[in-house]
Each structure stands twice: as C-alpha cells, then as structure tokens.
Amino acid sequence: MPGPKKKLYIRTFGCQMNVADSERMAQVLADDFVLTDKAEEADIYLINTCAIRRKSEEKVRSLLGSLKGLKQRRPQLILGVGGCVAQQEGDRLLGAAPHLDLVFGAHGIYRLPQLVSRAAAGERPVDVELSRCFPEAPRRRWESPPARTFVTIMQGCNNFCSFCVVPYVRGREYSREPSDIIGEIGEFLAAGGQEVTLLGQNVNSYGRGLMEPVTFPELLRRVAALPGLRRLRFATSHPRDLSPDLIAAYGELPALCEHLHLPVQSGSNRILQAMNRGYTREEYLDKAARLRQTRPDLALSTDLIVGFPGETEADFEQTLDLMRQAGFDQAFSFKYSPRPQTQAAAFSGQVPDEIKAERLSRLQTFQDDLTLKAHRRLVGKVREALVEGGSKRSPVELCGRLRTNQVVNFQGPQDLVGRLLMVEITEAHPHSLKGRRAVGPPLS
C-alpha cells in the first residue's frame, strides 16, 4: 500500500492567470502531494509570483526573506519560487536567498515533478525556458469540483505595451488547441461545475498558430454550447483586438455573462500612444457604446495607470473624463511602476511619486462615486447570484457574485455555497451590495 501523500502549500500573488497557474501546479504534483492551507505543515512551499508592478515583487521578496526561519527549523522543506518574478530573475534569486531550493518560470510549471525530485536530491534547479507551444498537462480530477473554474486558453503576449513586462516573462503568444479546451471544460461540467472563465493575456487574439484556425468568438460559441454550462466569462481583453464578431457574441450567447473587463489604461491619446496601446480614446468609447447597444445591461470594468512618464494634469483630466463617459462599473487603478526591460522605464518625464499618489487618490474617489451610482441602480432588483462562500463582512452572511460581477452579501445557510439562486438587492455600498434571498428554490 502506498504511504500518505506529502503536503503542498502554495502562496499566490497576482492576477487570475496566476490563480490558474497555482491550480495547475497542484494538478501536476497531485500524484505525490496533497494541498494544505497550513504552511507550517508543508513538505513543499511554493510562491507563485507576479512582476507586473514593483509593489508585488517587493511583497514576494519580503515573504521569501521571512521564510528563512521556517527553512532553518525544517531543513527538509523544499522552498520554491515560480511565476513571473522567477522568470525575470532566474538564478539571481538563488544568490539572493541561500535558503531557496528551486526556481521555475511560467512554463516550468509543467516540469515541476522533475524539478522537485532534483531539489529533493540536493540540487538547486532553475528552469526559466520559454516554449513555443502549449505544454501538455494531465487532466484535472473533478471528484467534487468547485462551482467555478479558470481555464487557460493561451499564453504570452505580442503587444509589447511600453509599460508591460508580460512579453518578457510570459513569452510570445501561443494558443491551446480548442479540442483540449473543450475537453477540460466538458469534464468540469459533467462533474457538476457551473461557471467557466477563459484566461489569456489577450484572449481576443486567440487562435494564432493553431492547426485548425479558430477565432476567439468561434471558441466562445463552442464552449457556450456545452451542456450544463450556466455562466461563461473571459479575461483579459485588449481593446485594439475587440472585434465586431466578439461584440455580436454578447447578443447571441445566453451563457456569456453581461460583464467585460476592458483595460483602457489612460484617457489621453498622447499617453495611449506612448504606451503603445494601438487605439485612441475615441475608438475605445465607440467600442464601449457598441457593446452596450448589443447588451444594454452589460457592466464594464477596466484597468487604469496614473503617473505614466510625461503625464500632465491635462492628460490626467482626460482620463477622468473618459471614466465619466464610459461609466465604468469598476476600475482597478495603479500608480505607474517602472519594470525591467520595458521601454517606458527609460522614458524621460518620470512623474514624482507624490503626484502619482495624489492623482491615484482622486481617481479612486471618482471611481467610487461611479461604482456607487451603478450599485444604487440595482437596489430593488432581483438578480442571479452564484454563492462563492462566506462573506468577509460578517460571519453569518454568504457572499455571492452576480452575472455582472458585483459581489452581494446576504444571510443564508452554508449548504448554499456553490449554488445559483436569486437575490433581491437591498443596499448599495461602494465596493459591494447587500441583499436577501428571494423566494423560491435554488436554480441549481
């Protein structure tokens, strides 16, 4: 009889792609390791990193330093760093942290079993090789699946925005074969799953290099036709590549949730050009208008950067004006952070940090007002919610997510987690909604 499996702990930083990558790490190691939420019990401790902003990288380095004591107490522990910072730094991380055993980049995930074996034998392997095809991985095991899952459909990016490190740490674009995507989603749905989010650095350009040419809207239609799928989402979508066919899909596919995350980054044409974004503010607003004509109830969210090199007060005011015209339901906003290898890191006109901070505060206050207005329009409405777990606001409440991606907190028993049900919205807050369960049985 085989002995008990060893324990794996994963600490994840960054975006949904990183969350999906962490799930894949657990998957490729599942023959020998079981996940634990207690770091002190782990036989392997993996840190999945993000290099998009300097602050994220600083958090990773701080955590890595703090783990020196754990490694001293448990020298048999295998400590590894993966993801974008690992891809960027490579063996420099081993030099900076002598207690570190293993470094692997974005594509090294699929070689983790071999890398872990080498680390256990006393080596300190580094794997930051970037491949030009989508790696094969074992099928996920859906014995009792969550209600929602992330499915990676492509890796890398060809856009080379002047502020972004992704093409350097994730490589160039390559797409996963549609049959593999459909197969993974089909197994998830057959086991009882309900919501799928398709992931890629730029899903709009999905299909390049495939043996069978398939566009992203065509892939959406194939996924939406699978039996049992209740909700379909995707991220992230580049405005330049948002096609009329993709806009039309919002009017055709009932499973496609009425929410789109469409990062604009700036409202100034001058800054957009310096960012190498490939569109103007007018083109962005036109696409936003066409989306809402196609799906009037669509909620639009975005990413925004303040303090990009050369940004003037007039440029910043244009960003606020675009936010008002677009009527964003939600925005994720950040101070510009110079990243290694990117063009913008060498641009003149770097904005002082105190100006960045002041503009970020003004922008977030402005967006809070827009979000609160959008939330108030929902009060009194009954909406479908997928119950994700307990509420962060109250131990006696549950947390659900609307199809438009807003979070609603309401009272209910724990056995509703993972179920779809109707919720009446009773209160609006800047970052969430409050509601009560509507009369009637769960929808699933």
# chains A, B, ... in the order shown; residues from 1 in each chain; ligands from 1
>>> residues_around(residues="Ala288 of chain A", least_positions_apart="2", cutoff="10 Å", atoms="only C-alpha atoms", output="PyMOL selection string")
chain A and resi 239+247+260+262+282-286+290-294+298+300+325-328
>>> residues_around(residues="segment 395-398 of chain A", least_positions_apart="5", cutoff="12 Å", atoms="only C-alpha atoms", output="list of chain:residue names")
A:Ala385, A:Leu386, A:Val387, A:Glu388, A:Gly389, A:Gly390, A:Val407, A:Val408, A:Asn409, A:Phe410, A:Gln411, A:Gly412, A:Pro413, A:Gln414, A:Asp415, A:Leu416, A:Val417, A:Gly418, A:Arg419, A:Val423, A:Leu433, A:Lys434, A:Gly435, A:Arg436, A:Arg437
>>> closest_residue(among="A:Gln194, A:Asn276, A:Ser337, A:Gln364", to="Ser162 of chain A", atoms="only C-alpha atoms")
A:Asn276
>>> select_by_dssp(residues="segment 39-169 of chain A", states="strand (DSSP E or B)", output="ChimeraX atom specification")
/A:44-49,78-83,102-104,126-127,148-152,154-155
>>> write_last_selection(atoms="C-alpha atoms", output="short mmCIF file (atom, residue, chain, number, x, y, z; two decimals), in the first residue's frame")
data_model
loop_
_atom_site.label_atom_id
_atom_site.label_comp_id
_atom_site.auth_asym_id
_atom_site.auth_seq_id
_atom_site.Cartn_x
_atom_site.Cartn_y
_atom_site.Cartn_z
CA ILE A 44 6.88 21.85 -0.32
CA TYR A 45 6.22 25.60 -0.09
CA LEU A 46 5.80 27.28 -3.50
CA ILE A 47 5.48 31.04 -4.04
CA ASN A 48 3.73 31.92 -7.31
CA THR A 49 4.83 35.45 -8.20
CA ILE A 78 11.56 22.34 -0.29
CA LEU A 79 11.10 26.06 -0.90
CA GLY A 80 10.43 27.18 -4.46
CA VAL A 81 9.65 30.42 -6.30
CA GLY A 82 7.74 30.30 -9.58
CA GLY A 83 5.92 32.63 -11.94
CA LEU A 102 14.00 25.80 -6.63
CA VAL A 103 13.23 28.50 -9.26
CA PHE A 104 10.85 27.93 -12.17
CA VAL A 126 16.45 26.77 -12.23
CA ASP A 127 14.02 26.35 -15.15
CA ARG A 148 -16.46 27.88 -10.94
CA THR A 149 -13.06 27.37 -12.53
CA PHE A 150 -10.42 29.11 -14.64
CA VAL A 151 -9.32 27.54 -17.92
CA THR A 152 -6.20 28.86 -19.64
CA MET A 154 -3.45 30.85 -24.41
CA GLN A 155 -0.17 32.11 -23.03
#
>>> select_by_dssp(residues="segment 97-199 of chain A", states="alpha helix (DSSP H)", output="list in words")
Leu112, Pro113, Gln114, Leu115, Val116, Ser117, Arg118, Ala119, Ala120, Val166, Pro167, Tyr168, Val169, Arg170, Pro178, Ser179, Asp180, Ile181, Ile182, Gly183, Glu184, Ile185, Gly186, Glu187, Phe188, Leu189 and Ala190 of chain A
>>> write_last_selection(atoms="N, CA and C atoms", output="PDB file, in the first residue's frame")
ATOM      1  N   LEU A 112       7.419  20.549 -13.123  1.00  0.00           N
ATOM      2  CA  LEU A 112       7.616  20.592 -11.672  1.00  0.00           C
ATOM      3  C   LEU A 112       7.948  19.240 -11.040  1.00  0.00           C
ATOM      4  N   PRO A 113       7.301  18.136 -11.420  1.00  0.00           N
ATOM      5  CA  PRO A 113       7.660  16.870 -10.758  1.00  0.00           C
ATOM      6  C   PRO A 113       9.153  16.553 -10.860  1.00  0.00           C
ATOM      7  N   GLN A 114       9.743  16.774 -12.051  1.00  0.00           N
ATOM      8  CA  GLN A 114      11.165  16.509 -12.216  1.00  0.00           C
ATOM      9  C   GLN A 114      12.018  17.505 -11.420  1.00  0.00           C
ATOM     10  N   LEU A 115      11.584  18.768 -11.417  1.00  0.00           N
ATOM     11  CA  LEU A 115      12.333  19.790 -10.681  1.00  0.00           C
ATOM     12  C   LEU A 115      12.300  19.537  -9.180  1.00  0.00           C
ATOM     13  N   VAL A 116      11.160  19.119  -8.672  1.00  0.00           N
ATOM     14  CA  VAL A 116      11.045  18.815  -7.245  1.00  0.00           C
ATOM     15  C   VAL A 116      11.931  17.620  -6.884  1.00  0.00           C
ATOM     16  N   SER A 117      11.960  16.620  -7.748  1.00  0.00           N
ATOM     17  CA  SER A 117      12.820  15.455  -7.487  1.00  0.00           C
ATOM     18  C   SER A 117      14.286  15.871  -7.427  1.00  0.00           C
ATOM     19  N   ARG A 118      14.691  16.755  -8.318  1.00  0.00           N
ATOM     20  CA  ARG A 118      16.078  17.227  -8.312  1.00  0.00           C
ATOM     21  C   ARG A 118      16.379  18.021  -7.040  1.00  0.00           C
ATOM     22  N   ALA A 119      15.405  18.858  -6.612  1.00  0.00           N
ATOM     23  CA  ALA A 119      15.601  19.629  -5.376  1.00  0.00           C
ATOM     24  C   ALA A 119      15.706  18.701  -4.174  1.00  0.00           C
ATOM     25  N   ALA A 120      14.878  17.655  -4.157  1.00  0.00           N
ATOM     26  CA  ALA A 120      14.914  16.703  -3.039  1.00  0.00           C
ATOM     27  C   ALA A 120      16.245  15.958  -2.986  1.00  0.00           C
ATOM     28  N   VAL A 166       5.007  41.621 -19.388  1.00  0.00           N
ATOM     29  CA  VAL A 166       4.448  40.301 -19.704  1.00  0.00           C
ATOM     30  C   VAL A 166       5.135  39.613 -20.882  1.00  0.00           C
ATOM     31  N   PRO A 167       5.369  40.281 -22.036  1.00  0.00           N
ATOM     32  CA  PRO A 167       6.015  39.550 -23.139  1.00  0.00           C
ATOM     33  C   PRO A 167       7.397  39.013 -22.793  1.00  0.00           C
ATOM     34  N   TYR A 168       8.056  39.638 -21.810  1.00  0.00           N
ATOM     35  CA  TYR A 168       9.397  39.222 -21.442  1.00  0.00           C
ATOM     36  C   TYR A 168       9.390  38.065 -20.443  1.00  0.00           C
ATOM     37  N   VAL A 169       8.328  37.963 -19.647  1.00  0.00           N
ATOM     38  CA  VAL A 169       8.285  36.902 -18.632  1.00  0.00           C
ATOM     39  C   VAL A 169       7.304  35.795 -18.977  1.00  0.00           C
ATOM     40  N   ARG A 170       6.392  36.051 -19.918  1.00  0.00           N
ATOM     41  CA  ARG A 170       5.436  35.021 -20.347  1.00  0.00           C
ATOM     42  C   ARG A 170       5.689  34.553 -21.779  1.00  0.00           C
ATOM     43  N   PRO A 178      -8.313  23.961 -29.449  1.00  0.00           N
ATOM     44  CA  PRO A 178      -9.701  24.036 -28.964  1.00  0.00           C
ATOM     45  C   PRO A 178     -10.235  22.710 -28.443  1.00  0.00           C
ATOM     46  N   SER A 179      -9.798  21.596 -29.025  1.00  0.00           N
ATOM     47  CA  SER A 179     -10.283  20.296 -28.549  1.00  0.00           C
ATOM     48  C   SER A 179      -9.858  20.045 -27.110  1.00  0.00           C
ATOM     49  N   ASP A 180      -8.636  20.494 -26.733  1.00  0.00           N
ATOM     50  CA  ASP A 180      -8.188  20.330 -25.351  1.00  0.00           C
ATOM     51  C   ASP A 180      -9.002  21.206 -24.398  1.00  0.00           C
ATOM     52  N   ILE A 181      -9.289  22.421 -24.838  1.00  0.00           N
ATOM     53  CA  ILE A 181     -10.090  23.338 -24.016  1.00  0.00           C
ATOM     54  C   ILE A 181     -11.487  22.778 -23.795  1.00  0.00           C
ATOM     55  N   ILE A 182     -12.114  22.350 -24.886  1.00  0.00           N
ATOM     56  CA  ILE A 182     -13.477  21.808 -24.792  1.00  0.00           C
ATOM     57  C   ILE A 182     -13.499  20.555 -23.929  1.00  0.00           C
ATOM     58  N   GLY A 183     -12.471  19.732 -24.072  1.00  0.00           N
ATOM     59  CA  GLY A 183     -12.416  18.515 -23.262  1.00  0.00           C
ATOM     60  C   GLY A 183     -12.319  18.800 -21.778  1.00  0.00           C
ATOM     61  N   GLU A 184     -11.452  19.753 -21.403  1.00  0.00           N
ATOM     62  CA  GLU A 184     -11.308  20.092 -19.979  1.00  0.00           C
ATOM     63  C   GLU A 184     -12.594  20.675 -19.420  1.00  0.00           C
ATOM     64  N   ILE A 185     -13.221  21.583 -20.166  1.00  0.00           N
ATOM     65  CA  ILE A 185     -14.460  22.198 -19.689  1.00  0.00           C
ATOM     66  C   ILE A 185     -15.581  21.174 -19.616  1.00  0.00           C
ATOM     67  N   GLY A 186     -15.660  20.283 -20.610  1.00  0.00           N
ATOM     68  CA  GLY A 186     -16.698  19.257 -20.603  1.00  0.00           C
ATOM     69  C   GLY A 186     -16.630  18.370 -19.381  1.00  0.00           C
ATOM     70  N   GLU A 187     -15.410  18.000 -18.983  1.00  0.00           N
ATOM     71  CA  GLU A 187     -15.252  17.168 -17.788  1.00  0.00           C
ATOM     72  C   GLU A 187     -15.642  17.934 -16.531  1.00  0.00           C
ATOM     73  N   PHE A 188     -15.310  19.217 -16.474  1.00  0.00           N
ATOM     74  CA  PHE A 188     -15.689  20.052 -15.331  1.00  0.00           C
ATOM     75  C   PHE A 188     -17.207  20.143 -15.214  1.00  0.00           C
ATOM     76  N   LEU A 189     -17.892  20.365 -16.321  1.00  0.00           N
ATOM     77  CA  LEU A 189     -19.349  20.486 -16.302  1.00  0.00           C
ATOM     78  C   LEU A 189     -20.008  19.146 -15.976  1.00  0.00           C
ATOM     79  N   ALA A 190     -19.467  18.066 -16.517  1.00  0.00           N
ATOM     80  CA  ALA A 190     -20.040  16.740 -16.253  1.00  0.00           C
ATOM     81  C   ALA A 190     -19.963  16.375 -14.775  1.00  0.00           C
TER      82      ALA A 190
END
>>> residues_around(residues="Tyr336 of chain A", least_positions_apart="5", cutoff="9 Å", atoms="only C-alpha atoms", output="PyMOL selection string")
chain A and resi 53+163+305-309+351+356
>>> write_last_selection(atoms="C-alpha atoms", output="PDB file, in the first residue's frame")
ATOM      1  CA  ARG A  53       4.153  46.047 -10.517  1.00  0.00           C
ATOM      2  CA  PHE A 163       4.976  49.734 -19.599  1.00  0.00           C
ATOM      3  CA  ILE A 305      -2.489  53.664 -14.723  1.00  0.00           C
ATOM      4  CA  VAL A 306      -1.757  57.103 -13.263  1.00  0.00           C
ATOM      5  CA  GLY A 307       1.567  58.896 -13.438  1.00  0.00           C
ATOM      6  CA  PHE A 308       2.847  57.337 -16.656  1.00  0.00           C
ATOM      7  CA  PRO A 309       6.033  59.144 -17.797  1.00  0.00           C
ATOM      8  CA  VAL A 351       6.340  61.628 -12.594  1.00  0.00           C
ATOM      9  CA  LYS A 356       1.190  59.818  -8.632  1.00  0.00           C
TER      10      LYS A 356
END
>>> atom_distance(atom1="atom CA of Lys71 of chain A", atom2="atom CA of Gln16 of chain A")
28.8 Å
>>> closest_residue(among="A:Met17, A:Ala255, A:Ala30, A:Leu322", to="Gly156 of chain A", atoms="only C-alpha atoms")
A:Met17
>>> closest_residue(among="A:Tyr110, A:Pro213, A:Ile10, A:Pro4", to="Glu40 of chain A", atoms="only C-alpha atoms")
A:Ile10
>>> residues_around(residues="Arg221 of chain A", least_positions_apart="3", cutoff="10 Å", atoms="only C-alpha atoms", output="PyMOL selection string")
chain A and resi 216-218+224-226+249+252-253+255-256
>>> write_last_selection(atoms="N, CA and C atoms", output="short mmCIF file (atom, residue, chain, number, x, y, z; two decimals), in the first residue's frame")
data_model
loop_
_atom_site.label_atom_id
_atom_site.label_comp_id
_atom_site.auth_asym_id
_atom_site.auth_seq_id
_atom_site.Cartn_x
_atom_site.Cartn_y
_atom_site.Cartn_z
N PHE A 216 -11.43 33.66 -31.49
CA PHE A 216 -11.94 33.66 -30.13
C PHE A 216 -13.47 33.64 -30.08
N PRO A 217 -14.18 34.44 -30.89
CA PRO A 217 -15.65 34.33 -30.87
C PRO A 217 -16.14 32.93 -31.23
N GLU A 218 -15.45 32.26 -32.16
CA GLU A 218 -15.84 30.89 -32.51
C GLU A 218 -15.64 29.95 -31.33
N ALA A 224 -19.97 27.78 -25.19
CA ALA A 224 -21.32 28.11 -24.75
C ALA A 224 -22.33 27.03 -25.09
N ALA A 225 -22.02 26.20 -26.09
CA ALA A 225 -22.94 25.14 -26.50
C ALA A 225 -22.83 23.89 -25.64
N LEU A 226 -21.85 23.83 -24.73
CA LEU A 226 -21.66 22.63 -23.92
C LEU A 226 -22.80 22.48 -22.91
N ALA A 249 -21.23 38.47 -30.13
CA ALA A 249 -21.43 37.30 -29.28
C ALA A 249 -22.19 37.64 -28.01
N GLU A 252 -25.72 37.06 -28.63
CA GLU A 252 -26.09 35.73 -29.12
C GLU A 252 -26.05 34.64 -28.06
N LEU A 253 -25.16 34.76 -27.08
CA LEU A 253 -24.87 33.64 -26.17
C LEU A 253 -25.43 33.91 -24.78
N ALA A 255 -25.29 32.21 -22.10
CA ALA A 255 -24.38 31.85 -21.00
C ALA A 255 -23.31 32.90 -20.78
N LEU A 256 -23.00 33.70 -21.80
CA LEU A 256 -21.95 34.71 -21.68
C LEU A 256 -22.40 35.82 -20.75
#
>>> atom_distance(atom1="atom CA of Val203 of chain A", atom2="atom CA of Asn269 of chain A")
23.8 Å
>>> closest_residue(among="A:Val214, A:Met422, A:Ala97, A:Leu77", to="Ser62 of chain A", atoms="only C-alpha atoms")
A:Ala97
>>> closest_residue(among="A:Thr197, A:Thr342, A:Thr404, A:Ser131", to="Ala147 of chain A", atoms="only C-alpha atoms")
A:Thr197
>>> atom_distance(atom1="atom CA of Leu360 of chain A", atom2="atom CA of Leu378 of chain A")
27.1 Å
